[in-house]
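As provided, query_26.txt (compact mmCIF, C-alpha atoms and all ligand atoms) reads as follows.
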```
# COMPACT_ATOMS: atom_id res chain seq x y z
CA MET A 197 2.77 14.70 -5.73
CA ALA A 198 -0.54 15.45 -3.97
CA ALA A 199 -0.69 19.11 -4.94
CA LEU A 200 0.00 18.42 -8.62
CA MET A 201 -2.38 15.55 -9.26
CA PRO A 202 -4.98 14.57 -6.65
CA MET A 203 -5.14 10.85 -6.00
CA ASP A 204 -8.89 10.68 -6.60
CA ASP A 205 -8.92 12.51 -9.94
CA ARG A 206 -6.88 10.51 -12.40
CA ASP A 207 -7.32 8.44 -15.52
CA GLY A 208 -6.86 4.68 -15.42
CA VAL A 209 -8.46 1.80 -13.55
CA ILE A 210 -8.41 0.47 -9.99
CA TRP A 211 -8.99 -3.17 -9.05
CA PHE A 212 -11.88 -3.02 -6.60
CA ASN A 213 -13.33 -6.20 -5.04
CA GLY A 214 -12.49 -8.28 -8.08
CA GLN A 215 -13.45 -5.78 -10.81
CA LEU A 216 -11.51 -3.15 -12.69
CA VAL A 217 -13.38 0.13 -12.19
CA PRO A 218 -12.68 3.59 -13.63
CA TRP A 219 -10.27 5.45 -11.32
CA ARG A 220 -12.71 8.21 -10.30
CA GLU A 221 -15.47 5.71 -9.46
CA ALA A 222 -13.47 3.66 -6.92
CA LYS A 223 -15.35 5.04 -3.89
CA VAL A 224 -16.42 3.91 -0.40
CA HIS A 225 -19.19 5.06 1.94
CA VAL A 226 -18.42 7.56 4.75
CA LEU A 227 -19.57 5.00 7.33
CA VAL A 228 -17.06 2.25 6.54
CA HIS A 229 -15.76 0.79 9.80
CA SER A 230 -12.09 1.21 8.93
CA LEU A 231 -12.43 4.95 8.32
CA HIS A 232 -13.66 5.37 11.90
CA TYR A 233 -11.44 2.86 13.69
CA GLY A 234 -8.20 2.73 11.67
CA ASN A 235 -8.21 -1.00 10.97
CA ALA A 236 -7.49 -0.96 7.25
CA VAL A 237 -4.26 -2.71 6.22
CA PHE A 238 -2.20 -1.82 3.20
CA GLU A 239 0.90 -2.51 1.15
CA GLY A 240 3.30 -0.57 -1.01
CA ALA A 241 5.26 -2.25 -3.78
CA ARG A 242 7.34 -0.84 -6.63
CA ILE A 243 7.15 -1.59 -10.34
CA TYR A 244 10.45 -1.87 -12.26
CA ASN A 245 10.49 -2.64 -15.99
CA GLY A 246 6.78 -3.46 -15.85
CA LYS A 247 7.19 -6.04 -13.04
CA VAL A 248 6.38 -5.71 -9.34
CA PHE A 249 9.43 -6.42 -7.19
CA LYS A 250 8.76 -9.09 -4.51
CA LEU A 251 5.06 -9.10 -5.40
CA THR A 252 4.19 -12.33 -3.58
CA GLU A 253 5.99 -11.17 -0.41
CA HIS A 254 3.80 -8.05 -0.44
CA SER A 255 0.59 -10.04 -1.01
CA GLN A 256 1.58 -12.41 1.82
CA ARG A 257 2.27 -9.48 4.16
CA LEU A 258 -1.16 -8.00 3.40
CA HIS A 259 -2.64 -11.30 4.55
CA ARG A 260 -0.50 -11.35 7.71
CA SER A 261 -1.32 -7.70 8.50
CA ALA A 262 -5.06 -8.44 8.28
CA ARG A 263 -4.73 -11.56 10.46
CA MET A 264 -2.97 -9.50 13.13
CA LEU A 265 -6.11 -7.34 13.12
CA ALA A 266 -8.29 -10.48 13.36
CA TYR A 267 -9.66 -10.61 9.83
CA GLU A 268 -8.95 -12.34 6.55
CA VAL A 269 -8.35 -10.73 3.17
CA PRO A 270 -11.07 -12.38 1.01
CA TYR A 271 -8.67 -13.04 -1.92
CA SER A 272 -5.84 -15.56 -1.88
CA VAL A 273 -2.21 -14.51 -2.30
CA GLU A 274 -2.33 -15.93 -5.84
CA GLU A 275 -5.46 -13.91 -6.61
CA LEU A 276 -3.86 -10.73 -5.25
CA ASP A 277 -0.71 -11.35 -7.31
CA ALA A 278 -2.80 -11.86 -10.48
CA ALA A 279 -4.94 -8.80 -9.75
CA THR A 280 -1.82 -6.68 -9.21
CA ARG A 281 -0.31 -7.80 -12.51
CA ARG A 282 -3.58 -7.00 -14.23
CA VAL A 283 -3.88 -3.52 -12.78
CA VAL A 284 -0.24 -2.72 -13.65
CA ALA A 285 -0.77 -3.91 -17.22
CA GLU A 286 -4.14 -2.14 -17.68
CA ASN A 287 -2.60 1.14 -16.51
CA ARG A 288 0.40 0.54 -18.83
CA LEU A 289 2.96 1.11 -16.07
CA GLN A 290 6.60 0.31 -16.69
CA ALA A 291 7.66 1.99 -13.45
CA GLY A 292 5.68 3.16 -10.45
CA TYR A 293 4.07 2.10 -7.22
CA VAL A 294 1.31 -0.31 -6.22
CA ARG A 295 -0.97 0.37 -3.26
CA PRO A 296 -3.18 -2.56 -2.17
CA LEU A 297 -5.62 -1.93 0.71
CA ALA A 298 -8.06 -4.10 2.65
CA TRP A 299 -10.69 -2.62 4.91
CA ARG A 300 -13.82 -3.42 6.88
CA GLY A 301 -17.15 -2.28 5.47
CA ALA A 302 -20.10 -0.24 6.72
CA GLU A 303 -22.29 -3.03 8.13
CA THR A 304 -21.92 -1.73 11.70
CA ILE A 305 -20.73 1.47 13.42
CA GLY A 306 -19.79 -0.01 16.82
CA VAL A 307 -16.24 -0.61 18.04
CA SER A 308 -16.72 -4.32 17.45
CA ALA A 309 -16.06 -5.19 13.84
CA VAL A 310 -17.88 -8.51 14.00
CA GLY A 311 -20.18 -8.81 11.01
CA THR A 312 -18.35 -6.37 8.76
CA LYS A 313 -17.49 -7.42 5.25
CA VAL A 314 -13.85 -7.10 4.17
CA HIS A 315 -13.16 -5.16 0.96
CA THR A 316 -9.99 -5.04 -1.10
CA MET A 317 -8.59 -2.69 -3.72
CA ILE A 318 -5.34 -2.40 -5.64
CA ALA A 319 -4.24 0.87 -7.24
CA ALA A 320 -1.08 1.43 -9.29
CA PHE A 321 0.36 4.73 -10.41
CA PRO A 322 3.61 6.43 -11.48
CA TRP A 323 5.86 7.42 -8.59
CA GLY A 324 9.49 8.53 -8.88
CA ALA A 325 12.04 9.21 -6.17
CA TYR A 326 10.61 9.48 -2.65
CA TYR A 327 12.88 12.38 -1.67
CA GLU A 328 14.26 15.21 -3.83
CA GLN A 329 17.58 15.15 -1.96
CA LYS A 330 20.41 12.72 -2.62
CA ALA A 331 20.94 12.47 1.13
CA ILE A 332 18.25 13.43 3.63
CA ARG A 333 18.18 15.05 7.06
CA LEU A 334 16.21 13.34 9.83
CA MET A 335 14.83 14.82 13.02
CA THR A 336 14.20 12.62 16.05
CA ALA A 337 10.45 12.57 16.59
CA ARG A 338 8.66 13.15 19.87
CA TRP A 339 6.33 10.27 18.89
CA LYS A 340 7.42 6.81 20.02
CA ARG A 341 6.76 3.44 18.38
CA PRO A 342 4.43 1.60 20.77
CA SER A 343 5.23 -1.57 22.67
CA PRO A 344 4.11 -4.79 20.93
CA GLU A 345 1.75 -5.14 23.91
CA SER A 346 0.07 -1.85 22.96
CA ALA A 347 -0.20 -2.20 19.20
CA PRO A 348 0.30 -4.88 16.52
CA ALA A 349 3.60 -3.35 15.38
CA GLY A 350 4.27 -5.98 12.71
CA SER A 351 1.03 -5.17 10.88
CA LYS A 352 1.04 -2.56 8.14
CA ALA A 353 -2.14 -1.23 9.69
CA ALA A 354 -3.50 2.20 8.79
CA GLY A 355 -3.99 3.19 12.44
CA LEU A 356 -0.29 2.80 13.23
CA TYR A 357 0.48 5.52 10.70
CA ILE A 358 -1.12 8.30 12.71
CA ILE A 359 2.19 8.74 14.59
CA CYS A 360 4.15 8.48 11.34
CA THR A 361 2.15 11.30 9.73
CA LEU A 362 2.43 13.50 12.83
CA ALA A 363 6.17 12.83 13.14
CA LYS A 364 6.83 13.40 9.44
CA ASP A 365 4.87 16.65 9.25
CA GLU A 366 6.59 18.01 12.36
CA ALA A 367 9.98 17.15 10.82
CA LEU A 368 9.04 18.82 7.52
CA ALA A 369 7.87 21.94 9.36
CA ALA A 370 11.25 22.06 11.13
CA GLY A 371 13.14 21.92 7.81
CA PHE A 372 14.05 18.20 7.82
CA GLN A 373 13.04 15.67 5.18
CA ASP A 374 11.75 13.00 7.57
CA ALA A 375 11.56 11.87 11.18
CA LEU A 376 13.41 9.14 13.02
CA MET A 377 11.28 7.50 15.67
CA LEU A 378 12.49 5.98 18.90
CA ASP A 379 10.42 3.22 20.49
CA TYR A 380 8.61 3.09 23.83
CA LYS A 381 11.89 2.17 25.58
CA GLY A 382 13.81 5.01 23.88
CA ARG A 383 15.62 2.70 21.49
CA LEU A 384 16.25 3.54 17.83
CA SER A 385 13.43 2.14 15.71
CA GLU A 386 12.67 3.39 12.20
CA ALA A 387 11.71 6.35 10.04
CA THR A 388 8.07 7.06 9.18
CA GLY A 389 8.06 4.78 6.13
CA ALA A 390 11.45 3.09 6.10
CA ASN A 391 13.88 1.04 8.20
CA LEU A 392 17.15 2.29 9.70
CA PHE A 393 20.74 1.08 9.25
CA LEU A 394 23.95 2.37 10.84
CA VAL A 395 27.46 1.51 9.68
CA ILE A 396 29.64 1.07 12.76
CA ASN A 397 33.26 -0.12 12.43
CA GLY A 398 32.55 -1.36 8.90
CA GLU A 399 29.61 -3.52 10.05
CA LEU A 400 25.92 -3.03 9.34
CA HIS A 401 23.80 -2.56 12.46
CA THR A 402 20.00 -2.36 12.45
CA PRO A 403 17.34 -2.46 15.19
CA THR A 404 15.56 -5.76 15.87
CA PRO A 405 12.04 -5.80 14.43
CA GLU A 406 10.16 -5.84 17.76
CA THR A 407 8.45 -2.44 17.41
CA ILE A 408 8.96 -1.75 13.71
CA LEU A 409 7.75 -3.02 10.38
CA ASN A 410 10.21 -5.73 9.36
CA GLY A 411 10.60 -4.33 5.86
CA ILE A 412 10.91 -6.47 2.78
CA THR A 413 13.64 -4.08 1.58
CA ARG A 414 15.35 -4.34 4.99
CA GLN A 415 15.57 -8.12 4.60
CA THR A 416 16.68 -7.84 0.96
CA VAL A 417 19.43 -5.35 1.82
CA MET A 418 20.67 -7.49 4.73
CA ASP A 419 21.02 -10.38 2.24
CA LEU A 420 22.85 -8.17 -0.26
CA ALA A 421 25.22 -7.00 2.49
CA ARG A 422 25.98 -10.57 3.60
CA ARG A 423 26.65 -11.55 -0.01
CA ARG A 424 29.24 -8.75 -0.05
CA GLY A 425 30.85 -10.27 3.03
CA LEU A 426 29.63 -7.59 5.41
CA LYS A 427 28.76 -8.50 8.97
CA VAL A 428 25.08 -7.71 9.67
CA VAL A 429 24.00 -7.27 13.27
CA GLU A 430 20.33 -7.06 14.37
CA ARG A 431 20.16 -5.86 17.93
CA GLU A 432 18.76 -3.31 20.38
CA MET A 433 20.15 0.08 19.39
CA TRP A 434 20.26 3.36 21.27
CA PRO A 435 20.33 7.02 20.16
CA GLU A 436 23.85 7.53 21.65
CA GLU A 437 25.13 5.23 18.90
CA LEU A 438 24.30 7.83 16.26
CA ALA A 439 27.53 9.59 17.30
CA ARG A 440 29.57 6.45 16.51
CA ALA A 441 28.12 5.71 13.06
CA SER A 442 30.23 6.45 9.98
CA GLU A 443 27.26 6.09 7.60
CA VAL A 444 23.49 6.01 8.07
CA PHE A 445 20.86 4.99 5.54
CA LEU A 446 17.20 4.00 5.29
CA THR A 447 15.61 1.15 3.36
CA GLY A 448 12.07 0.77 2.09
CA THR A 449 10.07 -0.03 -1.01
CA ALA A 450 9.39 3.65 -1.66
CA VAL A 451 12.76 5.10 -0.50
CA GLU A 452 14.86 2.14 -1.79
CA VAL A 453 18.36 2.55 -0.23
CA GLN A 454 18.38 6.18 0.92
CA PRO A 455 21.51 7.88 2.28
CA VAL A 456 21.03 9.97 5.44
CA ALA A 457 23.11 13.17 5.66
CA ALA A 458 22.16 14.00 9.24
CA VAL A 459 20.17 12.90 12.24
CA ASP A 460 19.61 15.97 14.40
CA GLN A 461 23.13 17.41 15.00
CA HIS A 462 25.02 14.31 13.74
CA GLU A 463 26.29 14.60 10.16
CA TYR A 464 27.23 11.75 7.81
CA PRO A 465 28.82 11.45 4.36
CA ILE A 466 27.32 9.26 1.64
CA GLY A 467 29.79 6.49 2.41
CA PRO A 468 31.11 3.54 0.37
CA ILE A 469 28.94 0.88 2.03
CA THR A 470 25.76 2.86 1.44
CA GLN A 471 26.75 3.48 -2.19
CA MET A 472 27.58 -0.18 -2.77
CA LEU A 473 24.25 -1.36 -1.34
CA GLN A 474 22.38 1.33 -3.27
CA GLU A 475 23.91 0.03 -6.49
CA ASP A 476 23.37 -3.63 -5.60
CA TYR A 477 19.72 -2.94 -4.77
CA ALA A 478 19.17 -0.91 -7.98
CA ALA A 479 20.60 -3.81 -10.00
CA LEU A 480 18.59 -6.48 -8.17
CA VAL A 481 15.18 -4.82 -8.56
CA ARG A 482 15.73 -4.54 -12.33
CA ALA A 483 17.27 -8.01 -12.77
C1 LIG A 501 6.81 2.29 8.95
C2 LIG A 501 7.54 1.56 7.86
N1 LIG A 501 8.69 0.94 8.16
C3 LIG A 501 9.38 0.29 7.22
C4 LIG A 501 8.96 0.23 5.90
C5 LIG A 501 9.76 -0.49 4.89
O1 LIG A 501 9.11 -1.68 4.50
P1 LIG A 501 9.32 -2.30 3.07
O2 LIG A 501 10.78 -2.43 2.85
O3 LIG A 501 8.65 -3.62 3.15
O4 LIG A 501 8.69 -1.38 2.10
C6 LIG A 501 7.76 0.87 5.56
C7 LIG A 501 7.25 0.82 4.18
O5 LIG A 501 6.49 -0.05 3.84
C8 LIG A 501 7.03 1.53 6.56
O6 LIG A 501 5.89 2.16 6.27
```
Kindly transcribe the structure held in the file into structure tokens.
Ligand SMILES: Cc1ncc(COP(=O)(O)O)c(C=O)c1O
Amino acid sequence: MAALMPMDDRDGVIWFNGQLVPWREAKVHVLVHSLHYGNAVFEGARIYNGKVFKLTEHSQRLHRSARMLAYEVPYSVEELDAATRRVVAENRLQAGYVRPLAWRGAETIGVSAVGTKVHTMIAAFPWGAYYEQKAIRLMTARWKRPSPESAPAGSKAAGLYIICTLAKDEALAAGFQDALMLDYKGRLSEATGANLFLVINGELHTPTPETILNGITRQTVMDLARRRGLKVVEREMWPEELARASEVFLTGTAVEVQPVAAVDQHEYPIGPITQMLQEDYAALVRA
């Protein structure tokens, strides 16, 4: 995507602090606090048939993410929802992705962010499948998800993505499509932009959300699985269990329900439970 069409050189409009501005003019100063200290928070939502799936949940999570970083998004959830609908409509998007972002301004350069103004933008653009492959290969990353005492893991905070970008680019360089991260205790956690599920003895097992982003898709897919009568188990999970899984998949707004063909040396088929949940999710988001 990036090589074909740079993100800062497109037609359309971006919602920027309450106004729709031409895409190429949605700019910030080089001294904004969040650029230096990583404390922007963001969201990612998908548009299906012109509507944003779980829009309010995403707006609410943007608020929660900011609060975990000790600031408030200056627009209510209702205002963010309305702004998102407006930006999707103005850009005439039937399908695509929405990227809201809140960040602290350039009022001060010190580590303390007291006195900075909070800014907000919402961009929406076409975005197809996240991966080219029907089933992807994951490499276990050397980067670990931090303890909740070391970082606000539940926040979709820009700074937390430095390990995701490093892990993903190392996996790509090694010929994989993405990385699987363990956490600070060595437990299974998540991929760089998606949550992890293992099918073990016909049940769905997924790591507890202590050191991961508790994805909106993760929660949706757990509901879909329960509606199908599957047992869903949230618990501590360990890398040794990868050898026992009959199917592995990821969930996320961008990746949807994504089959995993391999984690390191372990290989998996695209199994019936993954396929069923993929179909159920595809139907639900377009319902
Ligand atoms: C690190 C990480 N984990 C999990 C997810 C999945 O979350 P969601 O299903 O809310 O998109 C994402 C994507 O937002 C993510 O970036």
Which of these residues is nearest to ligand LIG 501 (chain A), using only C-alpha atoms and all ligand atoms: A:Gly389, A:Pro405, A:Pro270, A:Gly425?
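Between A:Gly389, A:Pro405, A:Pro270, A:Gly425, the residue approaching ligand LIG 501 (chain A) most closely is A:Gly389.
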Show me, as a list in words, the residues that have an atom within 7 Å of Gly350 of chain A when counting only C-alpha atoms, minus same-chain residues fewer than 4 positions from it.
Ile408, Leu409 and Asn410 of chain A
Kindly save the residues from that selection, with C-alpha atoms included, as a compact mmCIF listing (two decimals), in the frame of the given file.
```
# COMPACT_ATOMS: atom_id res chain seq x y z
CA ILE A 408 8.96 -1.75 13.71
CA LEU A 409 7.75 -3.02 10.38
CA ASN A 410 10.21 -5.73 9.36
```
Find the smallest box with edges along x, y and z containing every listed atom of segment 292-298 of chain A, then add 3 Å on each side and report centre and edge lengths in Å to one decimal, as JSON.
```
{"center_x": -1.2, "center_y": -0.5, "center_z": -3.9, "size_x": 19.7, "size_y": 13.3, "size_z": 19.1}
```
Using only C-alpha atoms, which of the listed residues (A:Ala363, A:Ala302, A:Ala279, A:Val248) sits closest to Leu227 of chain A?
A:Ala302
Please provide as a ChimeraX atom specification all residues within 6 Å of Val228 of chain A, with the sequence filter that same-chain residues fewer than 2 positions apart are discarded (counting all atoms listed in the file).
/A:225-226,230-231,301-302
Neighbours of Glu432 of chain A within 7 Å (all atoms listed in the file; same-chain residues fewer than 4 positions away dropped), as a list in words?
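Contacts, in chain order: Arg383, Pro403 and Thr404 of chain A.
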Please return as a ChimeraX atom specification the residues found within 10 Å of ligand LIG 501 (chain A), counting all atoms listed in the file.
/A:238-242,250,253-254,257,341,349-354,356-357,359-360,377,385-392,405,407-417,446-453
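Residue nearest Leu394 of chain A within the list A:Phe212, A:Trp434, A:Phe445, A:Tyr477: A:Phe445 [criterion: smallest interatomic distance, only C-alpha atoms].
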Residue nearest Gln461 of chain A - candidates A:His229, A:Arg422, A:Arg431, A:Arg333, atoms counted: only C-alpha atoms:
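Closest residue, counting only C-alpha atoms: A:Arg333.
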Using all atoms listed in the file, which residues sit within 6 Å of Phe393 of chain A once same-chain residues fewer than 3 positions away are excluded, as a PDB file with C-alpha atoms, keeping the file's coordinate frame?
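This is the output file out_14.pdb:
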```pdb
ATOM      1  CA  HIS A 401      23.800  -2.560  12.460  1.00  0.00           C
ATOM      2  CA  THR A 402      20.000  -2.360  12.450  1.00  0.00           C
ATOM      3  CA  VAL A 444      23.490   6.010   8.070  1.00  0.00           C
ATOM      4  CA  PHE A 445      20.860   4.990   5.540  1.00  0.00           C
TER       5      PHE A 445
END
```
Where atoms are absent from segment 325-355 of chain A, fill them in so it carries N, CA and C atoms, then output it as a JSON list (two decimals), keeping the file's coordinate frame.
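As a result, out-v4.json now contains:
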```json
[["chain", "number", "residue", "atom", "x", "y", "z"],
["A", 325, "ALA", "N", 11.25, 9.23, -7.41],
["A", 325, "ALA", "CA", 12.04, 9.21, -6.17],
["A", 325, "ALA", "C", 11.20, 9.73, -5.00],
["A", 326, "TYR", "N", 11.39, 9.12, -3.84],
["A", 326, "TYR", "CA", 10.61, 9.48, -2.65],
["A", 326, "TYR", "C", 11.03, 10.85, -2.10],
["A", 327, "TYR", "N", 12.34, 11.09, -2.14],
["A", 327, "TYR", "CA", 12.88, 12.38, -1.67],
["A", 327, "TYR", "C", 13.53, 13.11, -2.84],
["A", 328, "GLU", "N", 13.56, 14.44, -2.79],
["A", 328, "GLU", "CA", 14.26, 15.21, -3.83],
["A", 328, "GLU", "C", 15.77, 15.16, -3.59],
["A", 329, "GLN", "N", 16.17, 15.03, -2.33],
["A", 329, "GLN", "CA", 17.58, 15.15, -1.96],
["A", 329, "GLN", "C", 18.32, 13.82, -2.14],
["A", 330, "LYS", "N", 19.59, 13.93, -2.51],
["A", 330, "LYS", "CA", 20.41, 12.72, -2.62],
["A", 330, "LYS", "C", 20.62, 12.09, -1.25],
["A", 331, "ALA", "N", 20.82, 12.94, -0.25],
["A", 331, "ALA", "CA", 20.94, 12.47, 1.13],
["A", 331, "ALA", "C", 20.01, 13.34, 1.98],
["A", 332, "ILE", "N", 19.30, 12.71, 2.89],
["A", 332, "ILE", "CA", 18.25, 13.43, 3.63],
["A", 332, "ILE", "C", 18.64, 13.71, 5.08],
["A", 333, "ARG", "N", 17.95, 14.68, 5.66],
["A", 333, "ARG", "CA", 18.18, 15.05, 7.06],
["A", 333, "ARG", "C", 16.98, 14.58, 7.88],
["A", 334, "LEU", "N", 17.27, 13.87, 8.96],
["A", 334, "LEU", "CA", 16.21, 13.34, 9.83],
["A", 334, "LEU", "C", 16.19, 14.08, 11.16],
["A", 335, "MET", "N", 15.00, 14.24, 11.69],
["A", 335, "MET", "CA", 14.83, 14.82, 13.02],
["A", 335, "MET", "C", 14.24, 13.74, 13.94],
["A", 336, "THR", "N", 14.79, 13.59, 15.13],
["A", 336, "THR", "CA", 14.20, 12.62, 16.05],
["A", 336, "THR", "C", 12.81, 13.11, 16.46],
["A", 337, "ALA", "N", 11.84, 12.21, 16.33],
["A", 337, "ALA", "CA", 10.45, 12.57, 16.59],
["A", 337, "ALA", "C", 10.14, 12.53, 18.08],
["A", 338, "ARG", "N", 9.11, 13.28, 18.49],
["A", 338, "ARG", "CA", 8.66, 13.15, 19.87],
["A", 338, "ARG", "C", 7.68, 11.98, 20.01],
["A", 339, "TRP", "N", 7.24, 11.42, 18.87],
["A", 339, "TRP", "CA", 6.33, 10.27, 18.89],
["A", 339, "TRP", "C", 7.12, 8.99, 18.96],
["A", 340, "LYS", "N", 6.68, 8.06, 19.80],
["A", 340, "LYS", "CA", 7.42, 6.81, 20.02],
["A", 340, "LYS", "C", 6.66, 5.62, 19.43],
["A", 341, "ARG", "N", 7.39, 4.69, 18.83],
["A", 341, "ARG", "CA", 6.76, 3.44, 18.38],
["A", 341, "ARG", "C", 6.25, 2.70, 19.61],
["A", 342, "PRO", "N", 4.99, 2.25, 19.57],
["A", 342, "PRO", "CA", 4.43, 1.60, 20.77],
["A", 342, "PRO", "C", 4.99, 0.21, 21.03],
["A", 343, "SER", "N", 4.86, -0.21, 22.26],
["A", 343, "SER", "CA", 5.23, -1.57, 22.67],
["A", 343, "SER", "C", 4.37, -2.58, 21.90],
["A", 344, "PRO", "N", 4.93, -3.77, 21.61],
["A", 344, "PRO", "CA", 4.11, -4.79, 20.93],
["A", 344, "PRO", "C", 2.91, -5.23, 21.79],
["A", 345, "GLU", "N", 2.92, -4.85, 23.07],
["A", 345, "GLU", "CA", 1.75, -5.14, 23.91],
["A", 345, "GLU", "C", 0.67, -4.07, 23.75],
["A", 346, "SER", "N", 1.04, -2.94, 23.13],
["A", 346, "SER", "CA", 0.07, -1.85, 22.96],
["A", 346, "SER", "C", -0.48, -1.75, 21.54],
["A", 347, "ALA", "N", 0.24, -2.31, 20.59],
["A", 347, "ALA", "CA", -0.20, -2.20, 19.20],
["A", 347, "ALA", "C", 0.42, -3.35, 18.39],
["A", 348, "PRO", "N", -0.27, -3.81, 17.36],
["A", 348, "PRO", "CA", 0.30, -4.88, 16.52],
["A", 348, "PRO", "C", 1.34, -4.33, 15.56],
["A", 349, "ALA", "N", 2.56, -4.10, 16.10],
["A", 349, "ALA", "CA", 3.60, -3.35, 15.38],
["A", 349, "ALA", "C", 3.97, -3.98, 14.04],
["A", 350, "GLY", "N", 3.87, -5.31, 13.95],
["A", 350, "GLY", "CA", 4.27, -5.98, 12.71],
["A", 350, "GLY", "C", 3.25, -5.85, 11.60],
["A", 351, "SER", "N", 2.09, -5.31, 11.89],
["A", 351, "SER", "CA", 1.03, -5.17, 10.88],
["A", 351, "SER", "C", 1.20, -3.83, 10.17],
["A", 352, "LYS", "N", 1.03, -3.84, 8.86],
["A", 352, "LYS", "CA", 1.04, -2.56, 8.14],
["A", 352, "LYS", "C", -0.39, -2.03, 8.19],
["A", 353, "ALA", "N", -0.77, -1.63, 9.40],
["A", 353, "ALA", "CA", -2.14, -1.23, 9.69],
["A", 353, "ALA", "C", -2.25, 0.29, 9.61],
["A", 354, "ALA", "N", -3.31, 0.76, 8.98],
["A", 354, "ALA", "CA", -3.50, 2.20, 8.79],
["A", 354, "ALA", "C", -3.36, 2.97, 10.10],
["A", 355, "GLY", "N", -3.98, 2.48, 11.17],
["A", 355, "GLY", "CA", -3.99, 3.19, 12.44],
["A", 355, "GLY", "C", -2.61, 3.47, 12.99]]
```
